[in-house]
Amino acid sequence: MWGETLPALPKGPLLLTGMTPEQLSPDYWINRLPNPDQAIKTPEELELFNREIDAMVAERVDLFALERERGGRSVRDQLRLEFDTVRGRILFDVEGKRIRQDLFSGEIGPNMGFDLVSARIRLKWGVATQATSIRALPTQVKMLEEVGDIEFDQLQFSLIKLWTPVAILHESRDGAWFYVQAPYVRGWVRAKDIALFSSRDELKQWASSKKILVVTGESIAIYLDAALTDSSLRASMGTTLPLIAQSESAYEIRIPTRKADGSVLIGPAYVDLKSDVSIGYPAFTQRNVIRQAFKLLGARYGWGGMYDGRDCSGFTHDVYLSLGVQIPRDSKQQGLVGTQLGHFEPGEYEREKINALRTGMPGNTLLRMPLHMMLYLGEIDGRFFVVHSTWAERVSMTSDEKNRINQVVVSDLSLNGKSYLGSLFDRIVSINELN
């Protein structure tokens with residue numbers, strides 16, 4: 001994606017210290033549950049729960065409730081704030097050189113087109129034609145907080161999926177970027193990855209398709225021909241696809257493509273019947289949450305979805321999204337959803353944390369640390385286990401030495417306990433159950 005040479009990925013799934021091979025199986029954890037197939041929420045209850053999430057979490061936005069027009073000043077002020085915030089930071093490029101101020105003043109700033117924001121903005125409506133990055137600024141230049149930290153681009157907000165609807169608020173001067181509001185993130189996206197609808201109502205009709213195919217595997221191939229030979233497009237876990245028909249060999253779906261003038265063309269595509277998909281969402285149960293999580297075991301860590309991976313909150317987001325639970329994308333916001341079982345200071349409240357963990361529902365409880373999110377699996381002999389997407393384990397009390405993990409793993413909460421930062425357990429700041 002970026003052209004730089006990355007360290008080799010550790011071969012997964014990893015069996016971390018203190019783990020047994022059996023614990024890498026979802027059935028190990030499911031079989032410990034008294035009633036794993038009981039619905040956590042019925043479809044009707046889940047619909048209400050999703051509306052509650054939208055109302056409570058500012059990060060979640062109902063695009064189809066937005067006004068069709070808005071004042072340009074608020075958009076221009078937001079663009080300026082985001083630009084000034086990044087420009088004011090000390091950041092480095094992939095060669096270890098400090099990002100030059102003239103990159104901001106001479107290239108990025110002028111291309112953002114602050115002067116092109118009109119007094120009244122009439123929103124445009126589009127959809128992602130493939131998985132694509134949402135970025136803080138309209139540039140693919142990588143900006144790092146620390147020299148050599150090449151996998152953590154500070155401009156990378158998130159990755160939106162194929163068929164994600166967006167409201168378009170602004171366009172860069174060169175026309176190569178759109179500034180958009182997606183359902184759970186706002187930022188800059190490459191215009192070539194967005195196809196425009198003639199109206200919001202037309203977009204809503206497709207975005208609200210009643211018959212859908214849900215991607216329940218890590219990712220699936222989408223074929224552009226009925227013979228299933230051209231698989232140039234993929235869709236990741238949680239993607240929903242309008243389902244049209246089913247033959248003996250394939251599901252027929254619809255996908256959006258971008259025509260030369262930028263408008264959308266909805267056309268047929270096909271998914272192999274053997275693909276890991278579901279007609280409609282699977283039931284929201286402990287069994288299904290755990291099964292979905294373990295389908296990603298060993299999957300690559302990717303900050304903000306980079307390298308087609310998932311960071312900690314991207315992992316939990318995709319797991320729940322594949323069951324129709326529309327939790328926020330950001331870990332801090334995910335920690336606000338559902339029933340709060342406890343809030344803590346890092347390194348304190350050991351007994352309260354243990355009590356909260358023993359109260360939480362295995363397979364449906366989120367544990368949040370500063371900048372990290374984990375899914376709780378259960379307790380065995382006084383040890384508390386989680387599945388999470390993590391980049392590294394720190395192993396020193398005196399330095400930042402670490403072992404690179406870079407994937408979704410199962411671990412207990414003692415991980416990192418030999419470092420100066422403290423264990424995962426020590427650093428938990430909140431526990432919440434999604435019920």
# chains A, B, ... in the order shown; residues from 1 in each chain; ligands from 1

call {"tool": "residues_around", "arguments": {"residues": "segment 164-167 of chain A", "least_positions_apart": "5", "cutoff": "8 Å", "atoms": "only C-alpha atoms", "output": "list in words"}}
result
Leu63, Leu123, Lys124, Trp125, Gly126, Val127, Ala128, Val180, Gln181, Ala182, Pro183, Leu203 and Ala207 of chain A

call {"tool": "closest_atom_pairs", "arguments": {"of": "segment 90-173 of chain A", "to": "segment 4-23 of chain A", "cutoff": "10 Å", "atoms": "only C-alpha atoms", "output": "Markdown table"}}
result
| residue | atom | partner | partner_atom | distance |
| --- | --- | --- | --- | --- |
| A:Val94 | CA | A:Glu4 | CA | 7.5 |
| A:Glu95 | CA | A:Glu4 | CA | 9.3 |
| A:Ile150 | CA | A:Leu6 | CA | 7.9 |
| A:Glu151 | CA | A:Leu6 | CA | 8.1 |

call {"tool": "select_by_dssp", "arguments": {"residues": "segment 338-397 of chain A", "states": "strand (DSSP E or B)", "output": "short mmCIF file (atom, residue, chain, number, x, y, z; two decimals) with C-alpha atoms, in the first residue's frame"}}
result
data_model
loop_
_atom_site.label_atom_id
_atom_site.label_comp_id
_atom_site.auth_asym_id
_atom_site.auth_seq_id
_atom_site.Cartn_x
_atom_site.Cartn_y
_atom_site.Cartn_z
CA THR A 339 -24.23 -1.71 30.77
CA GLN A 340 -21.29 -0.18 32.63
CA LEU A 341 -19.83 -2.71 35.10
CA GLY A 342 -17.02 -0.53 36.35
CA HIS A 343 -14.68 2.41 35.78
CA THR A 365 -18.17 -7.93 27.60
CA LEU A 366 -15.61 -5.34 26.48
CA LEU A 367 -12.55 -4.44 28.54
CA ARG A 368 -10.99 -1.09 27.74
CA MET A 369 -7.50 0.15 28.47
CA HIS A 372 -6.87 -0.63 23.62
CA MET A 373 -10.00 -2.80 23.56
CA MET A 374 -10.46 -6.51 24.37
CA LEU A 375 -13.33 -9.04 24.27
CA TYR A 376 -13.73 -11.06 27.47
CA LEU A 377 -13.82 -14.87 27.18
CA GLY A 378 -14.01 -16.06 30.77
CA GLU A 379 -12.16 -17.11 33.93
CA ILE A 380 -10.15 -20.29 34.49
CA ARG A 383 -7.01 -16.23 35.35
CA PHE A 384 -9.11 -13.96 33.12
CA PHE A 385 -8.89 -14.50 29.35
CA VAL A 386 -9.54 -12.21 26.38
CA VAL A 387 -9.34 -12.24 22.60
CA HIS A 388 -7.98 -9.05 21.06
CA SER A 389 -6.00 -7.57 18.18
CA THR A 390 -2.68 -6.33 19.48
CA TRP A 391 0.55 -5.12 17.96
CA ALA A 392 3.15 -6.05 20.58
CA GLU A 393 3.88 -7.27 24.10
CA ARG A 394 6.24 -5.13 26.16
#

call {"tool": "residues_around", "arguments": {"residues": "Arg100 of chain A", "least_positions_apart": "5", "cutoff": "10 Å", "atoms": "only C-alpha atoms", "output": "list in words"}}
result
Arg87, Ile90, Leu91, Phe92, Asp93 and Ser105 of chain A

call {"tool": "write_last_selection", "arguments": {"atoms": "N, CA and C atoms", "output": "PDB file, in the first residue's frame"}}
result
ATOM      1  N   ARG A  87      -0.803  20.011  11.596  1.00  0.00           N
ATOM      2  CA  ARG A  87       0.357  20.843  11.289  1.00  0.00           C
ATOM      3  C   ARG A  87       1.126  21.219  12.552  1.00  0.00           C
ATOM      4  N   ILE A  90       4.682  17.453  15.986  1.00  0.00           N
ATOM      5  CA  ILE A  90       5.991  17.025  15.487  1.00  0.00           C
ATOM      6  C   ILE A  90       5.825  15.617  14.927  1.00  0.00           C
ATOM      7  N   LEU A  91       5.926  15.493  13.610  1.00  0.00           N
ATOM      8  CA  LEU A  91       5.695  14.228  12.944  1.00  0.00           C
ATOM      9  C   LEU A  91       6.834  13.924  11.977  1.00  0.00           C
ATOM     10  N   PHE A  92       6.990  12.643  11.627  1.00  0.00           N
ATOM     11  CA  PHE A  92       8.117  12.210  10.804  1.00  0.00           C
ATOM     12  C   PHE A  92       7.621  11.400   9.618  1.00  0.00           C
ATOM     13  N   ASP A  93       8.434  11.388   8.543  1.00  0.00           N
ATOM     14  CA  ASP A  93       8.083  10.571   7.387  1.00  0.00           C
ATOM     15  C   ASP A  93       8.711   9.185   7.516  1.00  0.00           C
ATOM     16  N   SER A 105       1.891  24.149   4.117  1.00  0.00           N
ATOM     17  CA  SER A 105       1.561  25.480   3.589  1.00  0.00           C
ATOM     18  C   SER A 105       1.556  25.521   2.070  1.00  0.00           C
TER      19      SER A 105
END

call {"tool": "closest_residue", "arguments": {"among": "A:Ala131, A:Trp303, A:Phe178, A:Tyr184", "to": "Phe152 of chain A", "atoms": "only C-alpha atoms"}}
result
A:Trp303

call {"tool": "atom_distance", "arguments": {"atom1": "atom CA of Asp308 of chain A", "atom2": "atom CA of Thr132 of chain A"}}
result
9.6 Å

call {"tool": "residues_around", "arguments": {"residues": "segment 285-290 of chain A", "least_positions_apart": "6", "cutoff": "6 Å", "atoms": "only C-alpha atoms", "output": "PyMOL selection string"}}
result
chain A and resi 30+36-40+363

call {"tool": "write_last_selection", "arguments": {"atoms": "N, CA and C atoms", "output": "PDB file, in the first residue's frame"}}
result
ATOM      1  N   ILE A  30     -16.999 -21.720  24.236  1.00  0.00           N
ATOM      2  CA  ILE A  30     -18.452 -21.861  24.101  1.00  0.00           C
ATOM      3  C   ILE A  30     -18.976 -22.973  24.996  1.00  0.00           C
ATOM      4  N   PRO A  36     -25.268 -20.898  25.595  1.00  0.00           N
ATOM      5  CA  PRO A  36     -24.632 -20.011  24.602  1.00  0.00           C
ATOM      6  C   PRO A  36     -25.532 -19.608  23.451  1.00  0.00           C
ATOM      7  N   ASP A  37     -26.665 -20.324  23.243  1.00  0.00           N
ATOM      8  CA  ASP A  37     -27.530 -20.030  22.103  1.00  0.00           C
ATOM      9  C   ASP A  37     -28.732 -19.164  22.466  1.00  0.00           C
ATOM     10  N   GLN A  38     -28.815 -18.764  23.720  1.00  0.00           N
ATOM     11  CA  GLN A  38     -29.899 -17.858  24.107  1.00  0.00           C
ATOM     12  C   GLN A  38     -29.633 -16.484  23.504  1.00  0.00           C
ATOM     13  N   ALA A  39     -30.663 -15.896  22.893  1.00  0.00           N
ATOM     14  CA  ALA A  39     -30.496 -14.587  22.263  1.00  0.00           C
ATOM     15  C   ALA A  39     -30.149 -13.529  23.303  1.00  0.00           C
ATOM     16  N   ILE A  40     -29.065 -12.817  23.090  1.00  0.00           N
ATOM     17  CA  ILE A  40     -28.740 -11.674  23.938  1.00  0.00           C
ATOM     18  C   ILE A  40     -29.765 -10.573  23.689  1.00  0.00           C
ATOM     19  N   GLY A 363     -17.899 -13.497  26.295  1.00  0.00           N
ATOM     20  CA  GLY A 363     -18.288 -13.398  24.900  1.00  0.00           C
ATOM     21  C   GLY A 363     -19.147 -12.205  24.580  1.00  0.00           C
TER      22      GLY A 363
END

call {"tool": "closest_residue", "arguments": {"among": "A:Lys97, A:Arg76, A:Arg404, A:Arg291", "to": "Ser118 of chain A", "atoms": "only C-alpha atoms"}}
result
A:Arg76

call {"tool": "closest_atom_pairs", "arguments": {"of": "segment 321-400 of chain A", "to": "segment 240-246 of chain A", "cutoff": "10 Å", "atoms": "only C-alpha atoms", "output": "CSV"}}
result
residue,atom,partner,partner_atom,distance
A:Leu321,CA,A:Thr240,CA,9.5
A:Ser322,CA,A:Thr240,CA,8.4
A:Gly324,CA,A:Thr240,CA,9.7

call {"tool": "closest_residue", "arguments": {"among": "A:Leu24, A:Leu434, A:Leu196, A:Ala136", "to": "Val409 of chain A", "atoms": "only C-alpha atoms"}}
result
A:Leu24

call {"tool": "residues_around", "arguments": {"residues": "Gln334 of chain A", "least_positions_apart": "5", "cutoff": "9 Å", "atoms": "only C-alpha atoms", "output": "PyMOL selection string"}}
result
chain A and resi 57+313+316-317+327-329+366+368+373+432

call {"tool": "write_last_selection", "arguments": {"atoms": "N, CA and C atoms", "output": "PDB file, in the first residue's frame"}}
result
ATOM      1  N   VAL A  57     -23.974   8.051  21.346  1.00  0.00           N
ATOM      2  CA  VAL A  57     -22.577   8.182  20.942  1.00  0.00           C
ATOM      3  C   VAL A  57     -22.471   9.148  19.767  1.00  0.00           C
ATOM      4  N   SER A 313      -9.945  -1.914  18.193  1.00  0.00           N
ATOM      5  CA  SER A 313     -11.367  -1.580  18.105  1.00  0.00           C
ATOM      6  C   SER A 313     -11.945  -1.940  16.743  1.00  0.00           C
ATOM      7  N   THR A 316     -13.117  -5.612  17.312  1.00  0.00           N
ATOM      8  CA  THR A 316     -14.400  -5.736  18.001  1.00  0.00           C
ATOM      9  C   THR A 316     -15.535  -5.151  17.163  1.00  0.00           C
ATOM     10  N   HIS A 317     -15.266  -4.078  16.454  1.00  0.00           N
ATOM     11  CA  HIS A 317     -16.284  -3.473  15.594  1.00  0.00           C
ATOM     12  C   HIS A 317     -16.772  -4.462  14.544  1.00  0.00           C
ATOM     13  N   ILE A 327     -21.928  -1.017  16.939  1.00  0.00           N
ATOM     14  CA  ILE A 327     -21.156  -0.299  17.937  1.00  0.00           C
ATOM     15  C   ILE A 327     -20.249   0.715  17.253  1.00  0.00           C
ATOM     16  N   PRO A 328     -19.778   1.734  17.981  1.00  0.00           N
ATOM     17  CA  PRO A 328     -18.876   2.720  17.387  1.00  0.00           C
ATOM     18  C   PRO A 328     -17.571   2.076  16.929  1.00  0.00           C
ATOM     19  N   ARG A 329     -16.803   2.815  16.154  1.00  0.00           N
ATOM     20  CA  ARG A 329     -15.520   2.311  15.647  1.00  0.00           C
ATOM     21  C   ARG A 329     -14.380   2.557  16.639  1.00  0.00           C
ATOM     22  N   LEU A 366     -16.787  -6.032  26.989  1.00  0.00           N
ATOM     23  CA  LEU A 366     -15.615  -5.341  26.477  1.00  0.00           C
ATOM     24  C   LEU A 366     -14.794  -4.773  27.630  1.00  0.00           C
ATOM     25  N   ARG A 368     -11.724  -2.178  28.380  1.00  0.00           N
ATOM     26  CA  ARG A 368     -10.985  -1.090  27.744  1.00  0.00           C
ATOM     27  C   ARG A 368      -9.811  -0.645  28.580  1.00  0.00           C
ATOM     28  N   MET A 373      -8.714  -2.174  23.288  1.00  0.00           N
ATOM     29  CA  MET A 373     -10.000  -2.800  23.557  1.00  0.00           C
ATOM     30  C   MET A 373      -9.861  -4.311  23.437  1.00  0.00           C
ATOM     31  N   ASN A 432     -17.595  -3.022  30.232  1.00  0.00           N
ATOM     32  CA  ASN A 432     -19.008  -2.833  29.882  1.00  0.00           C
ATOM     33  C   ASN A 432     -19.534  -4.054  29.136  1.00  0.00           C
TER      34      ASN A 432
END

call {"tool": "residues_around", "arguments": {"residues": "Ser414 of chain A", "least_positions_apart": "4", "cutoff": "9 Å", "atoms": "only C-alpha atoms", "output": "MDAnalysis selection string"}}
result
chainID A and resid 383:384 418 422:426

call {"tool": "closest_residue", "arguments": {"among": "A:Thr359, A:Ser263, A:Gln407, A:Thr139", "to": "Asp193 of chain A", "atoms": "only C-alpha atoms"}}
result
A:Ser263

call {"tool": "select_by_dssp", "arguments": {"residues": "segment 207-308 of chain A", "states": "helix (DSSP H, G or I)", "output": "PyMOL selection string"}}
result
chain A and resi 207+286-295+303-308

call {"tool": "write_last_selection", "arguments": {"atoms": "C-alpha atoms", "output": "compact mmCIF listing (two decimals), in the first residue's frame"}}
result
# COMPACT_ATOMS: atom_id res chain seq x y z
CA ALA A 207 -28.54 1.22 1.91
CA GLN A 286 -22.68 -15.65 22.96
CA ARG A 287 -21.89 -18.57 20.66
CA ASN A 288 -21.99 -16.42 17.56
CA VAL A 289 -19.98 -13.54 19.06
CA ILE A 290 -17.22 -15.96 20.09
CA ARG A 291 -17.30 -17.82 16.76
CA GLN A 292 -17.03 -14.56 14.84
CA ALA A 293 -14.12 -13.41 17.02
CA PHE A 294 -12.22 -16.66 16.52
CA LYS A 295 -12.61 -16.48 12.74
CA TRP A 303 -3.79 0.60 12.62
CA GLY A 304 -6.98 2.23 11.34
CA GLY A 305 -7.48 -0.69 8.94
CA MET A 306 -4.11 -0.26 7.23
CA TYR A 307 -2.68 -3.24 5.31
CA ASP A 308 -6.21 -4.74 5.20

call {"tool": "closest_residue", "arguments": {"among": "A:Leu137, A:Val395, A:Ala119, A:Leu144", "to": "Ser74 of chain A", "atoms": "only C-alpha atoms"}}
result
A:Ala119

call {"tool": "closest_residue", "arguments": {"among": "A:Ser219, A:Ser232, A:Asn111, A:Gln205", "to": "His170 of chain A", "atoms": "only C-alpha atoms"}}
result
A:Asn111

call {"tool": "residues_around", "arguments": {"residues": "Arg254 of chain A", "least_positions_apart": "2", "cutoff": "12 Å", "atoms": "only C-alpha atoms", "output": "PDB file with C-alpha atoms, in the first residue's frame"}}
result
ATOM      1  CA  THR A 129     -17.095   1.125  -4.274  1.00  0.00           C
ATOM      2  CA  LEU A 162     -17.721  -1.631   0.318  1.00  0.00           C
ATOM      3  CA  TRP A 163     -21.270  -0.205   0.166  1.00  0.00           C
ATOM      4  CA  TRP A 206     -30.015   0.721  -1.569  1.00  0.00           C
ATOM      5  CA  ALA A 207     -28.540   1.217   1.915  1.00  0.00           C
ATOM      6  CA  SER A 209     -32.114  -3.197   1.326  1.00  0.00           C
ATOM      7  CA  LYS A 211     -32.673  -8.810   1.718  1.00  0.00           C
ATOM      8  CA  ILE A 212     -28.952  -8.775   2.419  1.00  0.00           C
ATOM      9  CA  LEU A 213     -25.962 -11.081   2.327  1.00  0.00           C
ATOM     10  CA  ILE A 222     -16.749 -11.099  -4.953  1.00  0.00           C
ATOM     11  CA  TYR A 223     -16.889 -12.262  -8.556  1.00  0.00           C
ATOM     12  CA  LEU A 224     -17.777  -9.983 -11.439  1.00  0.00           C
ATOM     13  CA  ASP A 225     -18.950 -12.864 -13.634  1.00  0.00           C
ATOM     14  CA  THR A 240     -23.638  -6.155   3.850  1.00  0.00           C
ATOM     15  CA  LEU A 241     -24.480  -6.756   0.189  1.00  0.00           C
ATOM     16  CA  PRO A 242     -27.896  -6.401  -1.489  1.00  0.00           C
ATOM     17  CA  LEU A 243     -29.010  -9.945  -2.306  1.00  0.00           C
ATOM     18  CA  ILE A 244     -30.990 -10.479  -5.499  1.00  0.00           C
ATOM     19  CA  ALA A 245     -31.131 -14.233  -6.147  1.00  0.00           C
ATOM     20  CA  TYR A 251     -25.514 -15.739  -4.707  1.00  0.00           C
ATOM     21  CA  GLU A 252     -26.305 -12.910  -7.089  1.00  0.00           C
ATOM     22  CA  PRO A 256     -21.726  -0.075  -6.999  1.00  0.00           C
ATOM     23  CA  THR A 257     -19.086   1.096  -9.459  1.00  0.00           C
ATOM     24  CA  VAL A 264     -22.922   5.373  -9.622  1.00  0.00           C
ATOM     25  CA  LEU A 265     -23.626   2.322 -11.730  1.00  0.00           C
ATOM     26  CA  ILE A 266     -25.295  -0.546  -9.874  1.00  0.00           C
ATOM     27  CA  GLY A 267     -24.449  -3.862 -11.465  1.00  0.00           C
ATOM     28  CA  PRO A 268     -24.569  -7.602 -10.826  1.00  0.00           C
ATOM     29  CA  ALA A 269     -21.871  -9.536  -9.020  1.00  0.00           C
ATOM     30  CA  TYR A 270     -21.644 -13.017  -7.525  1.00  0.00           C
ATOM     31  CA  VAL A 271     -20.563 -14.752  -4.321  1.00  0.00           C
TER      32      VAL A 271
END

call {"tool": "atom_distance", "arguments": {"atom1": "atom CA of Phe104 of chain A", "atom2": "atom CA of Asp330 of chain A"}}
result
26.8 Å
